[in-house]
$ cat input.txt   # compact mmCIF, C-alpha atoms
# COMPACT_ATOMS: atom_id res chain seq x y z
CA MET A 69 -112.83 4.99 -36.96
CA PRO A 70 -109.17 4.69 -35.99
CA ALA A 71 -108.27 7.27 -33.33
CA ARG A 72 -105.36 8.52 -35.42
CA PHE A 73 -107.71 9.95 -38.04
CA PRO A 74 -107.92 13.67 -37.17
CA LEU A 75 -111.47 14.38 -38.37
CA ASP A 76 -114.97 13.29 -37.42
CA VAL A 77 -116.43 11.43 -40.40
CA SER A 78 -119.63 10.23 -38.75
CA ASP A 79 -121.79 13.09 -40.08
CA LEU A 80 -122.04 12.41 -43.80
CA SER A 81 -124.26 15.41 -44.50
CA ALA A 82 -121.62 17.73 -43.04
CA LEU A 83 -118.96 16.07 -45.20
CA ASP A 84 -121.19 16.33 -48.27
CA ASP A 85 -121.51 20.07 -47.73
CA ASP A 86 -117.80 20.81 -47.43
CA VAL A 87 -115.61 18.23 -49.16
CA PRO A 88 -112.92 20.80 -50.14
CA GLY A 89 -112.74 22.17 -46.61
CA VAL A 90 -112.56 18.73 -45.00
CA VAL A 91 -109.81 17.62 -47.39
CA GLY A 92 -107.96 20.86 -46.68
CA ARG A 93 -108.06 20.22 -42.95
CA LEU A 94 -106.88 16.65 -43.46
CA LEU A 95 -104.02 17.86 -45.64
CA ASP A 96 -103.07 20.40 -43.00
CA HIS A 97 -102.77 17.60 -40.45
CA LEU A 98 -100.94 15.18 -42.76
CA LEU A 99 -98.49 17.76 -44.05
CA ALA A 100 -97.71 19.10 -40.59
CA GLU A 101 -96.57 15.59 -39.69
CA ARG A 102 -94.48 15.34 -42.87
CA ALA A 103 -92.93 18.76 -42.23
CA ASP A 104 -91.93 17.71 -38.71
CA GLN A 105 -90.34 14.54 -40.08
CA ALA A 106 -88.44 16.60 -42.67
CA ALA A 107 -87.19 18.98 -39.98
CA ALA A 108 -85.87 16.03 -38.00
CA LEU A 109 -83.86 14.98 -41.06
CA ASP A 110 -82.43 18.39 -41.88
CA PRO A 111 -83.67 21.93 -41.21
CA VAL A 112 -82.53 23.30 -44.60
CA PHE A 113 -84.31 20.51 -46.48
CA ALA A 114 -87.41 21.15 -44.38
CA ARG A 115 -87.33 24.91 -44.98
CA ASP A 116 -86.51 24.89 -48.68
CA LEU A 117 -88.49 21.90 -49.93
CA ALA A 118 -90.85 20.32 -47.41
CA GLU A 119 -92.36 23.63 -46.30
CA ARG A 120 -92.75 24.79 -49.88
CA VAL A 121 -94.55 21.57 -50.84
CA ARG A 122 -96.79 21.97 -47.80
CA ARG A 123 -97.65 25.59 -48.60
CA PHE A 124 -98.17 24.91 -52.30
CA THR A 125 -100.60 22.08 -51.54
CA LEU A 126 -102.55 23.98 -48.91
CA ASP A 127 -102.74 27.33 -50.72
CA GLY A 128 -104.96 27.56 -53.77
CA GLY A 129 -106.62 24.90 -55.85
CA LYS A 130 -110.30 23.98 -56.01
CA ARG A 131 -109.97 20.45 -54.59
CA MET A 132 -111.70 19.21 -57.76
CA ARG A 133 -110.18 15.73 -57.73
CA PRO A 134 -111.16 14.91 -54.12
CA ARG A 135 -114.71 15.99 -54.95
CA PHE A 136 -114.82 13.53 -57.83
CA VAL A 137 -113.61 10.75 -55.51
CA TRP A 138 -116.19 11.67 -52.90
CA TRP A 139 -119.21 11.97 -55.17
CA ALA A 140 -118.37 8.81 -57.08
CA LEU A 141 -118.21 7.03 -53.73
CA ARG A 142 -121.57 8.48 -52.70
CA ALA A 143 -123.13 7.83 -56.11
CA CYS A 144 -122.24 4.14 -55.80
CA GLY A 145 -123.63 3.77 -52.30
CA GLY A 146 -120.52 4.39 -50.22
CA GLY A 147 -121.05 5.87 -46.77
CA ALA A 148 -119.52 6.41 -43.37
CA GLY A 149 -117.55 3.15 -43.50
CA GLU A 150 -115.60 4.35 -46.53
CA ALA A 151 -115.48 8.07 -45.76
CA GLU A 152 -112.04 8.11 -44.17
CA SER A 153 -110.50 6.19 -47.05
CA ALA A 154 -112.13 8.45 -49.63
CA LEU A 155 -110.86 11.59 -47.91
CA ARG A 156 -107.36 10.21 -47.61
CA VAL A 157 -107.29 9.26 -51.30
CA GLY A 158 -108.61 12.72 -52.13
CA ALA A 159 -105.79 14.27 -50.11
CA ALA A 160 -103.26 12.09 -51.93
CA LEU A 161 -104.62 13.32 -55.26
CA GLU A 162 -103.96 16.89 -54.17
CA LEU A 163 -100.34 15.94 -53.56
CA ILE A 164 -100.18 14.33 -56.99
CA GLN A 165 -101.48 17.61 -58.39
CA THR A 166 -98.74 19.46 -56.52
CA CYS A 167 -96.13 17.20 -58.09
CA ALA A 168 -97.61 17.66 -61.57
CA LEU A 169 -97.82 21.45 -61.36
CA ILE A 170 -94.33 21.95 -59.91
CA HIS A 171 -92.78 19.76 -62.59
CA ASP A 172 -94.96 21.31 -65.29
CA ASP A 173 -93.72 24.78 -64.42
CA VAL A 174 -90.11 23.62 -64.72
CA MET A 175 -90.69 21.97 -68.10
CA ASP A 176 -92.65 24.95 -69.42
CA GLY A 177 -90.33 27.57 -67.96
CA SER A 178 -93.33 29.23 -66.30
CA ALA A 179 -92.34 31.86 -63.75
CA PHE A 180 -95.77 32.10 -62.07
CA ARG A 181 -98.38 29.74 -60.68
CA ARG A 182 -101.62 30.69 -58.95
CA GLY A 183 -100.63 34.33 -59.15
CA ARG A 184 -97.36 33.79 -57.27
CA PRO A 185 -93.80 32.87 -58.26
CA ALA A 186 -93.49 29.26 -59.36
CA LEU A 187 -91.54 27.09 -56.93
CA HIS A 188 -88.38 26.97 -59.04
CA ALA A 189 -88.45 30.76 -59.47
CA ASP A 190 -89.02 31.23 -55.75
CA VAL A 191 -85.99 29.09 -54.83
CA THR A 192 -83.87 30.90 -57.41
CA ALA A 193 -84.84 34.25 -55.89
CA GLN A 194 -84.14 33.00 -52.35
CA TYR A 195 -80.56 32.12 -53.25
CA ALA A 196 -79.90 35.05 -55.59
CA GLY A 197 -77.27 36.46 -53.25
CA THR A 198 -75.68 33.11 -52.46
CA VAL A 199 -75.57 31.04 -55.64
CA PRO A 200 -73.65 32.43 -58.67
CA SER A 201 -76.10 34.05 -61.08
CA ALA A 202 -75.20 31.65 -63.90
CA GLN A 203 -76.10 28.67 -61.70
CA GLY A 204 -79.16 30.12 -59.96
CA PRO A 205 -81.91 29.13 -62.43
CA ARG A 206 -80.53 25.63 -62.82
CA PHE A 207 -80.37 25.22 -59.04
CA GLY A 208 -83.97 26.44 -58.72
CA GLU A 209 -85.13 23.92 -61.31
CA ALA A 210 -83.27 21.08 -59.59
CA ALA A 211 -84.87 22.03 -56.28
CA ALA A 212 -88.31 22.07 -57.89
CA ILE A 213 -87.82 18.64 -59.44
CA LEU A 214 -86.95 17.28 -56.01
CA ALA A 215 -89.91 19.09 -54.45
CA GLY A 216 -92.24 17.49 -56.98
CA ASP A 217 -90.70 14.10 -56.25
CA LEU A 218 -91.27 14.69 -52.54
CA ALA A 219 -94.95 15.50 -53.15
CA LEU A 220 -95.31 12.30 -55.17
CA ALA A 221 -93.64 10.24 -52.44
CA TRP A 222 -95.96 11.74 -49.82
CA ALA A 223 -98.98 11.00 -52.03
CA ASP A 224 -97.94 7.35 -52.31
CA ASP A 225 -97.40 7.20 -48.55
CA VAL A 226 -100.93 8.47 -47.89
CA VAL A 227 -102.47 5.90 -50.22
CA ALA A 228 -100.34 3.07 -48.81
CA ALA A 229 -101.49 3.93 -45.27
CA THR A 230 -105.17 4.02 -46.24
CA GLU A 231 -107.07 1.16 -44.63
CA ALA A 232 -109.57 -0.80 -46.72
CA PRO A 233 -110.68 -4.41 -47.28
CA VAL A 234 -108.15 -6.47 -49.21
CA ALA A 235 -110.06 -6.48 -52.52
CA THR A 236 -110.80 -2.77 -52.27
CA ALA A 237 -107.19 -1.90 -51.45
CA ARG A 238 -106.03 -3.94 -54.44
CA ALA A 239 -108.44 -2.15 -56.78
CA VAL A 240 -107.32 1.25 -55.48
CA ARG A 241 -103.65 0.35 -55.95
CA GLU A 242 -104.28 -0.74 -59.54
CA VAL A 243 -106.04 2.50 -60.44
CA TRP A 244 -103.39 4.56 -58.65
CA SER A 245 -100.54 2.76 -60.41
CA ALA A 246 -102.11 3.18 -63.84
CA MET A 247 -102.83 6.86 -63.19
CA ARG A 248 -99.22 7.70 -62.37
CA THR A 249 -97.96 6.09 -65.60
CA GLU A 250 -100.65 7.84 -67.65
CA MET A 251 -99.65 11.21 -66.22
CA VAL A 252 -96.05 10.74 -67.31
CA ALA A 253 -97.10 9.51 -70.75
CA GLY A 254 -99.38 12.51 -71.26
CA GLN A 255 -96.77 15.00 -70.13
CA TYR A 256 -94.21 13.42 -72.45
CA LEU A 257 -96.57 13.65 -75.41
CA ASP A 258 -97.03 17.30 -74.55
CA VAL A 259 -93.32 18.16 -74.43
CA GLN A 260 -92.55 15.91 -77.42
CA GLY A 261 -95.22 17.62 -79.47
CA GLN A 262 -93.88 21.01 -78.42
CA ALA A 263 -90.31 20.08 -79.38
CA THR A 264 -91.34 18.67 -82.77
CA SER A 265 -93.90 21.42 -83.53
CA SER A 266 -96.59 18.78 -83.93
CA ARG A 267 -100.02 20.06 -85.00
CA SER A 268 -101.80 16.70 -85.16
CA LEU A 269 -105.43 16.77 -84.05
CA ALA A 270 -105.40 13.14 -83.01
CA ARG A 271 -102.20 13.52 -80.98
CA ALA A 272 -103.50 16.69 -79.34
CA ILE A 273 -106.61 14.88 -78.10
CA ARG A 274 -104.55 11.86 -77.08
CA ALA A 275 -102.22 14.04 -75.02
CA ALA A 276 -105.20 15.87 -73.47
CA CYS A 277 -106.72 12.53 -72.49
CA LEU A 278 -103.54 11.17 -70.91
CA LYS A 279 -102.20 14.38 -69.43
CA SER A 280 -105.38 15.77 -67.93
CA ALA A 281 -108.62 13.85 -68.50
CA LEU A 282 -107.56 10.63 -66.86
CA TYR A 283 -105.89 11.89 -63.70
CA SER A 284 -108.13 14.94 -63.27
CA VAL A 285 -111.54 13.33 -63.68
CA GLU A 286 -111.74 9.70 -64.80
CA ARG A 287 -109.27 8.20 -62.33
CA PRO A 288 -110.65 10.08 -59.29
CA LEU A 289 -114.11 8.79 -60.24
CA ALA A 290 -112.67 5.29 -60.61
CA LEU A 291 -111.04 5.54 -57.19
CA GLY A 292 -114.33 6.57 -55.58
CA ALA A 293 -116.16 3.74 -57.33
CA ALA A 294 -113.50 1.25 -56.21
CA LEU A 295 -113.77 2.38 -52.59
CA ALA A 296 -117.54 1.91 -52.77
CA GLY A 297 -117.19 -1.57 -54.24
CA ALA A 298 -119.15 -0.55 -57.34
CA ASP A 299 -120.04 -3.08 -60.02
CA SER A 300 -118.56 -2.95 -63.53
CA ALA A 301 -121.58 -1.19 -65.06
CA ARG A 302 -121.47 1.77 -62.71
CA THR A 303 -117.67 1.90 -62.75
CA GLY A 304 -117.65 1.87 -66.54
CA ALA A 305 -120.31 4.56 -66.83
CA LEU A 306 -118.52 6.85 -64.39
CA CYS A 307 -115.18 6.34 -66.11
CA SER A 308 -116.64 6.98 -69.56
CA ALA A 309 -118.37 10.12 -68.33
CA GLY A 310 -115.15 11.20 -66.65
CA ARG A 311 -113.11 10.78 -69.81
CA CYS A 312 -115.50 12.98 -71.78
CA VAL A 313 -115.61 15.70 -69.15
CA GLY A 314 -111.88 15.43 -68.51
CA ILE A 315 -111.05 16.10 -72.14
CA ALA A 316 -113.52 19.00 -72.10
CA PHE A 317 -111.71 20.31 -69.02
CA GLN A 318 -108.38 20.33 -70.88
CA LEU A 319 -109.91 21.99 -73.94
CA ARG A 320 -111.40 24.68 -71.68
CA ASP A 321 -107.97 25.21 -70.13
CA ASP A 322 -106.54 25.70 -73.63
CA LEU A 323 -109.15 28.36 -74.36
CA LEU A 324 -108.52 30.11 -71.05
CA ASP A 325 -104.81 30.17 -71.73
CA ALA A 326 -105.42 31.95 -75.01
CA PHE A 327 -108.41 34.15 -74.08
CA GLY A 328 -109.04 33.99 -70.34
CA GLY A 329 -106.47 36.35 -68.85
CA ASP A 330 -104.14 36.07 -65.88
CA ARG A 331 -106.86 36.41 -63.24
CA ARG A 332 -108.72 33.32 -64.37
CA THR A 333 -105.74 31.05 -64.93
CA GLY A 334 -103.35 32.26 -62.22
CA LYS A 335 -100.50 32.35 -64.75
CA PRO A 336 -99.55 34.61 -67.66
CA VAL A 337 -101.96 34.51 -70.58
CA GLY A 338 -100.74 33.12 -73.90
CA GLY A 339 -98.23 30.70 -72.41
CA ASP A 340 -99.28 27.84 -74.68
CA ILE A 341 -98.96 30.01 -77.78
CA ARG A 342 -95.56 31.43 -76.85
CA ALA A 343 -94.26 27.96 -75.92
CA GLY A 344 -95.68 26.34 -79.05
CA ARG A 345 -97.56 23.68 -77.13
CA PRO A 346 -99.47 21.21 -79.34
CA THR A 347 -102.96 22.03 -78.05
CA TYR A 348 -106.12 20.98 -79.81
CA LEU A 349 -107.03 24.64 -80.23
CA MET A 350 -103.87 25.34 -82.23
CA ALA A 351 -104.24 22.10 -84.22
CA VAL A 352 -107.78 23.12 -85.22
CA ALA A 353 -106.57 26.59 -86.22
CA GLN A 354 -103.81 25.11 -88.37
CA ALA A 355 -106.18 22.62 -90.02
CA ARG A 356 -108.84 25.22 -90.76
CA ALA A 357 -106.35 27.71 -92.16
CA GLU A 358 -104.85 25.03 -94.41
CA ALA A 359 -108.24 23.81 -95.59
CA ASP A 360 -109.34 27.37 -96.38
CA ARG A 361 -105.95 28.17 -97.95
CA ASP A 362 -105.84 31.20 -95.72
CA ARG A 363 -102.28 32.36 -96.32
CA GLY A 364 -102.58 35.31 -93.97
CA ALA A 365 -103.69 33.15 -91.06
CA LEU A 366 -101.01 30.55 -91.78
CA ALA A 367 -98.35 33.28 -91.88
CA VAL A 368 -99.44 34.59 -88.47
CA LEU A 369 -99.37 31.10 -86.96
CA ARG A 370 -96.02 30.30 -88.54
CA ARG A 371 -94.24 33.41 -87.28
CA SER A 372 -95.93 33.60 -83.87
CA VAL A 373 -96.55 30.16 -82.37
CA GLY A 374 -93.55 28.97 -80.39
CA ARG A 375 -91.98 32.42 -80.17
CA ALA A 376 -91.06 32.96 -76.51
CA ASP A 377 -90.61 36.73 -76.95
CA LEU A 378 -93.92 37.21 -78.75
CA PRO A 379 -95.21 40.68 -77.80
CA ASP A 380 -98.78 41.29 -76.69
CA SER A 381 -99.57 42.72 -80.13
CA GLY A 382 -98.47 39.44 -81.72
CA LEU A 383 -100.53 37.48 -79.22
CA ALA A 384 -103.55 39.57 -80.16
CA GLU A 385 -102.90 38.70 -83.83
CA VAL A 386 -102.96 34.99 -83.01
CA ARG A 387 -106.18 35.42 -81.05
CA ASP A 388 -107.74 37.17 -84.03
CA VAL A 389 -106.75 34.22 -86.23
CA LEU A 390 -108.21 31.71 -83.75
CA VAL A 391 -111.52 33.56 -83.94
CA ALA A 392 -111.46 34.30 -87.68
CA VAL A 393 -110.79 30.72 -88.82
CA GLY A 394 -113.44 29.39 -86.41
CA ALA A 395 -111.05 27.49 -84.12
CA ARG A 396 -112.42 29.07 -80.95
CA ASP A 397 -116.04 28.26 -81.87
CA THR A 398 -115.07 24.75 -82.92
CA VAL A 399 -113.43 24.01 -79.57
CA GLU A 400 -116.37 25.54 -77.67
CA ALA A 401 -118.75 23.29 -79.60
CA LYS A 402 -116.60 20.25 -78.95
CA ILE A 403 -116.60 20.99 -75.23
CA GLU A 404 -120.41 21.15 -75.25
CA ARG A 405 -120.66 17.84 -77.12
CA LEU A 406 -118.22 16.13 -74.79
CA VAL A 407 -120.13 17.26 -71.71
CA ALA A 408 -123.45 16.17 -73.23
CA GLN A 409 -121.88 12.81 -74.03
CA GLY A 410 -120.59 12.52 -70.48
CA MET A 411 -124.09 13.20 -69.14
CA ARG A 412 -125.50 10.41 -71.28
CA HIS A 413 -122.99 7.99 -69.77
CA LEU A 414 -123.90 9.21 -66.29
CA ASP A 415 -127.59 8.67 -67.00
CA SER A 416 -127.05 5.13 -68.30
CA VAL A 417 -126.83 3.53 -64.84
CA VAL A 418 -128.61 3.71 -61.50
CA LEU A 419 -126.81 6.05 -59.09
CA ASP A 420 -127.76 7.76 -55.86
CA PRO A 421 -129.94 10.69 -57.06
CA VAL A 422 -128.41 13.33 -54.79
CA ALA A 423 -124.88 12.30 -55.76
CA ARG A 424 -125.87 12.24 -59.43
CA ARG A 425 -127.02 15.86 -59.19
CA ARG A 426 -123.80 16.85 -57.47
CA LEU A 427 -121.74 15.10 -60.12
CA THR A 428 -123.73 16.81 -62.86
CA GLY A 429 -123.00 20.22 -61.37
CA LEU A 430 -119.35 19.31 -60.88
CA PHE A 431 -119.06 18.16 -64.50
CA HIS A 432 -120.40 21.47 -65.76
CA ALA A 433 -118.20 23.49 -63.42
CA THR A 434 -115.13 21.51 -64.49
CA ALA A 435 -115.78 22.01 -68.20
CA GLY A 436 -116.93 25.61 -67.83
CA THR A 437 -120.35 24.93 -69.33
CA SER A 438 -123.84 25.89 -68.22
CA PRO A 439 -126.31 23.20 -67.09
CA ALA A 440 -129.03 25.12 -68.94
CA ALA A 441 -127.14 25.20 -72.22
CA PRO A 442 -128.41 22.72 -74.83
CA PRO A 443 -125.82 20.38 -76.32
CA ALA A 444 -124.26 21.56 -79.55
CA PRO A 445 -125.38 19.72 -82.68
CA PRO A 446 -123.08 17.00 -84.03
CA ALA A 447 -120.43 18.16 -86.46
CA SER A 448 -121.61 18.04 -90.06
CA ALA A 449 -119.58 16.84 -93.01
CA SER A 450 -119.11 20.45 -94.10
CA ALA A 451 -117.43 21.34 -90.82
CA GLY A 452 -114.13 19.92 -92.06
CA PRO A 453 -111.87 17.03 -91.07
CA TRP A 454 -110.50 18.77 -87.98
CA ASP A 455 -113.70 18.34 -85.93
CA GLY A 456 -114.07 14.60 -86.16
CA PRO A 457 -116.98 12.46 -87.38
CA ALA A 458 -120.56 13.21 -86.52
CA ALA A 459 -121.01 10.33 -84.08
CA PRO A 460 -120.66 11.83 -80.56
CA ASP A 461 -118.73 8.86 -79.20
CA HIS A 462 -115.96 9.59 -81.67
CA ASP A 463 -115.15 12.82 -79.84
CA VAL A 464 -113.29 10.67 -77.31
CA PRO A 465 -110.12 8.72 -78.15
CA PRO A 466 -110.05 4.96 -77.63
CA PRO A 467 -108.86 3.93 -74.19
CA PRO A 468 -105.11 3.53 -73.67
CA ASP A 469 -105.51 -0.02 -72.40
CA GLY A 470 -102.49 -1.64 -73.96
CA GLY A 471 -100.45 -3.13 -71.17
CA MET A 472 -102.36 -1.39 -68.39
CA THR A 473 -103.15 -3.25 -65.21
CA VAL A 474 -106.79 -2.19 -65.04
CA PRO A 475 -108.43 -3.10 -68.36
CA LEU A 476 -111.92 -2.96 -66.86
CA LEU A 477 -111.64 0.70 -65.94
CA LEU A 478 -110.28 1.57 -69.38
CA THR A 479 -112.55 -0.55 -71.55
CA GLU A 480 -115.79 -1.37 -69.79
CA GLY A 481 -118.35 1.01 -71.19
CA ALA A 482 -115.67 3.27 -72.57
CA PRO A 483 -116.49 5.30 -75.68
CA ARG A 484 -114.97 4.02 -78.87
$ encode --input "input.txt" --output "C-alpha cells"
Amino acid sequence: MPARFPLDVSDLSALDDDVPGVVGRLLDHLLAERADQAAALDPVFARDLAERVRRFTLDGGKRMRPRFVWWALRACGGGAGEAESALRVGAALELIQTCALIHDDVMDGSAFRRGRPALHADVTAQYAGTVPSAQGPRFGEAAAILAGDLALAWADDVVAATEAPVATARAVREVWSAMRTEMVAGQYLDVQGQATSSRSLARAIRAACLKSALYSVERPLALGAALAGADSARTGALCSAGRCVGIAFQLRDDLLDAFGGDRRTGKPVGGDIRAGRPTYLMAVAQARAEADRDRGALAVLRRSVGRADLPDSGLAEVRDVLVAVGARDTVEAKIERLVAQGMRHLDSVVLDPVARRRLTGLFHATAGTSPAAPPAPPASASAGPWDGPAAPDHDVPPPPDGGMTVPLLLTEGAPR
C-alpha cells in the first residue's frame, strides 16, 4: 500500500468488523489536511466554512454508504488489494452526504440537523452581532451553500486521487458522475413538487428513487462492485436490490418524519407535513381519502399540509388522518415488499456468503425492517390504485437510464 495512506488495510477481518470506525479515522486524516490547506488560504474561510464542513462530516451519521461500498466489494470477491480504494470512496460518499444535507437544510428552511443547529443557522447566530439582522439569515444561507459546495469539491478530490487499474477507475468515475446528476435531479423533483403542491404517487416514488435510493444504496453498491471488478450479473443484482431497499429507506424516512419524533430523526418532527413536501406517504393519504370520498380527511389535509405555522395539535390531526385512511399501513406494507424484493435480487447470484449475510442485515437496518418478519402479501385489486399493481417488481420505478453514461448499472437486471 502507498505509504501516504494513513491506515493499515492488511487485516481484512479487522476492517470487516469496524467499517464505520475505519472510515471515520480516514476522514479525520483527510479533513485535517483539507483544513490546513484552507487555513493557508484564509483563516476566516477556514474557521467559518472548512472547519464546519469537517465537524459536520465527522460528527454524527451512521456511515451507511461506506458500508454498502465495502460489503458489495467483499460480496464480489474484493480483498486487500482493493481495500484502500473502497475506504477512500466510502469517505468521499460521506462528504457527498455532507453536501446534500447542508444544501437540503437551506432549501427546506430547517433550523436543526442531528439535534444541533443546521449550518446556515449556526453561521447566522455567529454573526448576529455583526451582520444587520435583516441580512443575517440570507448571509447564513449563502455561507451554507458554499460550505456544501466545498464538501462536494473535497469529495471529488478524494475520488480523483483514488488509485485503481485504468478500467476500474473509469467504471468508478462513470458511476460517480451519474450519481451526482441523479442527486440534483431528485432534489429538484422534491422542491418542484413542494412548490406546485404535487400529490402524484408516481412522481413521489420517482423523486424518492432519484433523491435517496440511488445515491444512498444503489450507487454505493455499484461502486463497490466496480472496485471488485464484478461481472454484469452480480452488478445488476446488487443494483436492483439496492434500488428496492433505497426506496424503502426513503419511505421509512417519510414515516419517521411524521411519526418518529425528534430523537429518532435528529430534526423536528412533522417537517415534511409543514413544508408540504410531496412524499409518497402524503400522496397515498390524498389518494385514499379521495377514493373513499372522505371529506373530513380531505379537509384536514387541505388546511394543514404545507402550513409552516401548523401547531402540534394540527400535526396530530394529520397523523390521525394518515392512520385512519390507511396510509401509514400502506407505506409500511410497501416497505416490507420492497425489502423482500431486494432480497430476491440479492439471492439471484452467487456472492461471498459472509458478505451476503452482512448485506442482508444492512438492508434490513436501512429500511427499518426485521429479518424475522415475513414479507407482506402483494397488493390486491381491492387495495386501490395508490398501492400499485400486484406484481412485486412494479413497486420499483423503471431505471432513469435516458442519457446516462452507465446504462449497464441502470438497466442490467433492474426491475421493470
$ closest_atom_pairs --input "input.txt" --of "range 172-264 of chain A" --to "range 363-380 of chain A" --cutoff "12 Å" --atoms "only C-alpha atoms" --output "tab-separated table"
residue	atom	partner	partner_atom	distance
A:Asp176	CA	A:Ala376	CA	10.8
A:Gly177	CA	A:Ala376	CA	10.1
A:Ser178	CA	A:Ala376	CA	11.1
A:Gly261	CA	A:Gly374	CA	11.5
A:Gln262	CA	A:Gly374	CA	8.2
A:Ala263	CA	A:Gly374	CA	9.5
A:Thr264	CA	A:Gly374	CA	10.8
$ closest_residue --input "input.txt" --among "A:Ala186, A:Ala154, A:Ala298, A:Leu99" --to "Val418 in chain A" --atoms "only C-alpha atoms"
A:Ala298
$ closest_residue --input "input.txt" --among "A:Asp258, A:Glu286, A:Asp360, A:Asp217" --to "Ala246 in chain A" --atoms "only C-alpha atoms"
A:Glu286
$ closest_residue --input "input.txt" --among "A:Ala232, A:Ser300, A:Ala202, A:Thr428" --to "Asp415 in chain A" --atoms "only C-alpha atoms"
A:Thr428
$ atom_distance --input "input.txt" --atom1 "CA of Ser266 in chain A" --atom2 "CA of Ile170 in chain A"
24.3 Å
$ axis_aligned_box --input "input.txt" --around "range 84-87 of chain A" --padding-each-side "6 Å" --output "AutoDock Vina command-line options"
--center_x -118.6 --center_y 18.6 --center_z -48.3 --size_x 17.9 --size_y 16.5 --size_z 13.7
$ atom_distance --input "input.txt" --atom1 "CA of Asp299 in chain A" --atom2 "CA of Pro233 in chain A"
15.9 Å
